[in-house]
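Student: I have a structure here, written as structure tokens, and I will follow up with some questions on it.
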Amino acid sequence: MHHSKITGLGFYVPEEVVTNADLSRMMDTTDEWIIERTGIKERRFFKEGEDTVSEMGKRAAEIAMQRAGKKAADIDMVVFATLSPDYNFPGCGVLVQAKLGLGHIPCIDVRQQCGGFIYALSVADQFIKTGFARTILVIGSEVQSNVMEISDRGRNMAVIFGDGAGACIVESHDEPGKGILSTHLHADGSFATDLSLQHPGSRLKNRVTHEMIDNGDLLPTMNGKMVFAHAVKYFPEVIREALHANNYEDKDLDLLIPHQANARITAAVQKEFNLPDSKVVSNIHKYGNTTAASIPIALTEAWQDGRVKDGDLICLAAFGSGFVWASALIRW
Ligand code: UT7
């Protein structure tokens, strides 16, 4: 049986920084409210014509490939996680394949929202374990700023989300006990509408009407309290599931990299595991919640900052729309 490990990391965020003060000039909100409820100070907004989801994914991927010492011809497969693809179809995997000149390799798009990156990593891990592929490019990339309404009506969501991309190279190796030790994936579709964007959808004869636009039906909706309550339950559960599956305990964890949903959710998880700040990665104050991009951005930054060391036991964990929740345990 083959094993997989991450051998290169990269991220890209758009140049435009949007602060809480900027948002408070466009809607009824304040810097204090946003910081207190979410921990976010600023986020990035994409530039039209420059930073599409596939383009940002490509830029993050180029850095990851260069750091892993990989050329286009070395990549066997692309797994691309996003809830905000450039087109309704085809997905962003094939767009990145063409942009990077990867040849006619398979491309899979994963639509698991905030859980997208860990689901994508798990897909890559399975394909490597079976020997189907040796080197896989995994990307998480999102543009959220243009689906939020920057107005009083959209304020409960618009202040939370941001744009950006992260990527990694996952490679086959034959050293047991190193690399991705296990991944754990869950979902509960009975909460599908508690964080969703339902229009335009295929279930209606007229996918888009003027009425929908006027009603704000083309905006995402979120039952924030419901999301929060489930997140603080399932983050710890799925982290412990990963630790126990590998015969580890809470105290063995060297670094926790949670999906950057909300600083208060991360703080609750940190408290549950009694972890010092040095063992928990949080960069939501700089980028907001970038959905499928948040974990690869946070992992890349942590690695760049020297917080990811050889031999460390690292847990990635996510919760989000679906609901989906997931974890990956890695021996670096
Ligand atoms: O990856 C998963 C992504 N989602 C999440 O992680 C979301 C999880 N949920 C949360 O983080 C929180 O529920 C929120 C941050 C979204 C909201 O915090 P909350 O403490 O649950 O606030 P709330 O929705 O109960 O709203 C409290 C008040 C309301 O006013 P009233 O009714 O008390 O007068 C809202 O209208 O805050 C108001 N409000 C705002 N005020 C200023 C809602 N959004 C804003 C805003 N600025 N942006």
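Ordering of the structure tokens sets the chain letters (A, B, ...), residue numbers begin anew at 1 in every chain, and ligands are numbered from 1 in the order given.
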Using only C-alpha atoms and all ligand atoms, determine which residues fall within 7 Å of ligand 1, then list them as a ChimeraX atom specification.

Tutor: /A:28-30,33-34,37-38,114,155-157,159,224-225,227-228,261-262,289,291,319-321

Student: Skipping near chain neighbours, those fewer than 5 positions away, what residues fall within 9 Å of Ala81 (chain A) using only C-alpha atoms, listed as number ranges by chain?

Tutor: A: 92-93, 108-113, 115-120, 138-142, 292-293

Student: List every residue of region 137-263 of chain A that DSSP, applied to the backbone of this structure, assigns to helix (DSSP H, G or I), and report them as a PyMOL selection string.

Tutor: chain A and resi 155-158+189-194+210-215+224-245+250-252+263

Student: With distances taken over only C-alpha atoms, which residue among A:Leu83, A:Arg331, A:Gly164, A:Leu9 lies nearest Ala68 (chain A)?

Tutor: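 The closest residue to Ala68 (chain A) is A:Leu9.
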
Student: Between A:Gly216, A:Thr266, A:Leu102, A:Val96, which residue has the minimum interatomic distance to Ser151 (chain A), considering only C-alpha atoms?

Tutor: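 Checking each of A:Gly216, A:Thr266, A:Leu102, A:Val96 against Ser151 (chain A), counting only C-alpha atoms, the winner is A:Gly216.
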
Student: Distance CA of Leu256 (chain A)-CA of His230 (chain A), one decimal place?

Tutor: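 Between CA of Leu256 (chain A) and CA of His230 (chain A) the gap is 18.8 Å.
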
Student: In Å, how far is it from CA of His186 (chain A) to CA of Ile128 (chain A)?

Tutor: 20.9 Å

Student: Could you tell me, as a VMD selection string, which residues of region 131-318 of chain A DSSP assigns to strand (DSSP E) when given the backbone?

Tutor: chain A and resid 135 to 142 164 to 173 179 to 187 195 to 196 221 to 222 255 to 258 313 to 318

Student: Find the residues around Thr52 (chain A) up to 12 Å (only C-alpha atoms counted), leave out those fewer than 2 positions away in its own chain, and share them as a VMD selection string.

Tutor: chain A and resid 12 to 14 45 to 50 54 to 59 82 84 to 87 92 95 to 96 141 to 146 163 to 165

Student: Using only C-alpha atoms for the distances, tell me which of A:Ala268, A:Met65, A:Val17, A:Ala98 is nearest to Lys41 (chain A).

Tutor: A:Val17

Student: Can you pull out the residues contacting region 172-184 of chain A? Cut-off 7 Å, using only C-alpha atoms, and skip same-chain residues under 5 positions away; I want them as a count of residues only.

Tutor: 17

Student: For Asp217 (chain A), please output as a list in words all residues within 7 Å (counting only C-alpha atoms; exclusion window: fewer than 4 positions along the same chain).

Tutor: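 Residues meeting the cut-off are His199, Met212 and Ile213 of chain A.
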
Student: For the selection just defined, write its residues with all heavy atoms to a file, as a CSV table (one decimal), in the first residue's frame.

Tutor:
chain,number,residue,atom,x,y,z
A,199,HIS,N,-30.2,29.9,-5.4
A,199,HIS,CA,-30.5,30.4,-6.8
A,199,HIS,C,-29.2,30.9,-7.4
A,199,HIS,O,-28.4,31.5,-6.8
A,199,HIS,CB,-31.5,31.5,-6.7
A,199,HIS,CG,-32.8,31.1,-6.1
A,199,HIS,ND1,-33.8,30.4,-6.7
A,199,HIS,CD2,-33.3,31.3,-4.8
A,199,HIS,CE1,-34.8,30.2,-5.9
A,199,HIS,NE2,-34.5,30.7,-4.7
A,212,MET,N,-36.4,37.4,-8.5
A,212,MET,CA,-35.4,36.8,-7.7
A,212,MET,C,-34.3,37.8,-7.3
A,212,MET,O,-33.9,37.9,-6.2
A,212,MET,CB,-34.7,35.6,-8.4
A,212,MET,CG,-35.5,34.3,-8.4
A,212,MET,SD,-34.4,33.1,-9.3
A,212,MET,CE,-35.6,31.9,-9.7
A,213,ILE,N,-34.0,38.6,-8.4
A,213,ILE,CA,-32.9,39.6,-8.2
A,213,ILE,C,-33.4,40.6,-7.2
A,213,ILE,O,-32.7,40.9,-6.2
A,213,ILE,CB,-32.5,40.2,-9.5
A,213,ILE,CG1,-31.9,39.2,-10.4
A,213,ILE,CG2,-31.5,41.4,-9.3
A,213,ILE,CD1,-31.7,39.6,-11.9

Student: Can you tell me how far CA of Ser190 (chain A) sits from CA of Val324 (chain A), in Å to one decimal?

Tutor: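 That distance, rounded to one decimal, is 10.7 Å.
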
Student: Please identify all polymer residues within 10 Å of Gly154 (chain A), counting only C-alpha atoms, omitting same-chain residues fewer than 6 positions from it, and present them as a ChimeraX atom specification.

Tutor: /A:27-28,147-148,216,219-221

Student: Ranking A:Val269, A:Leu255, A:Ile284, A:Leu275 by minimum distance to Val308 (chain A) and counting only C-alpha atoms, which one comes first?

Tutor: A:Leu255
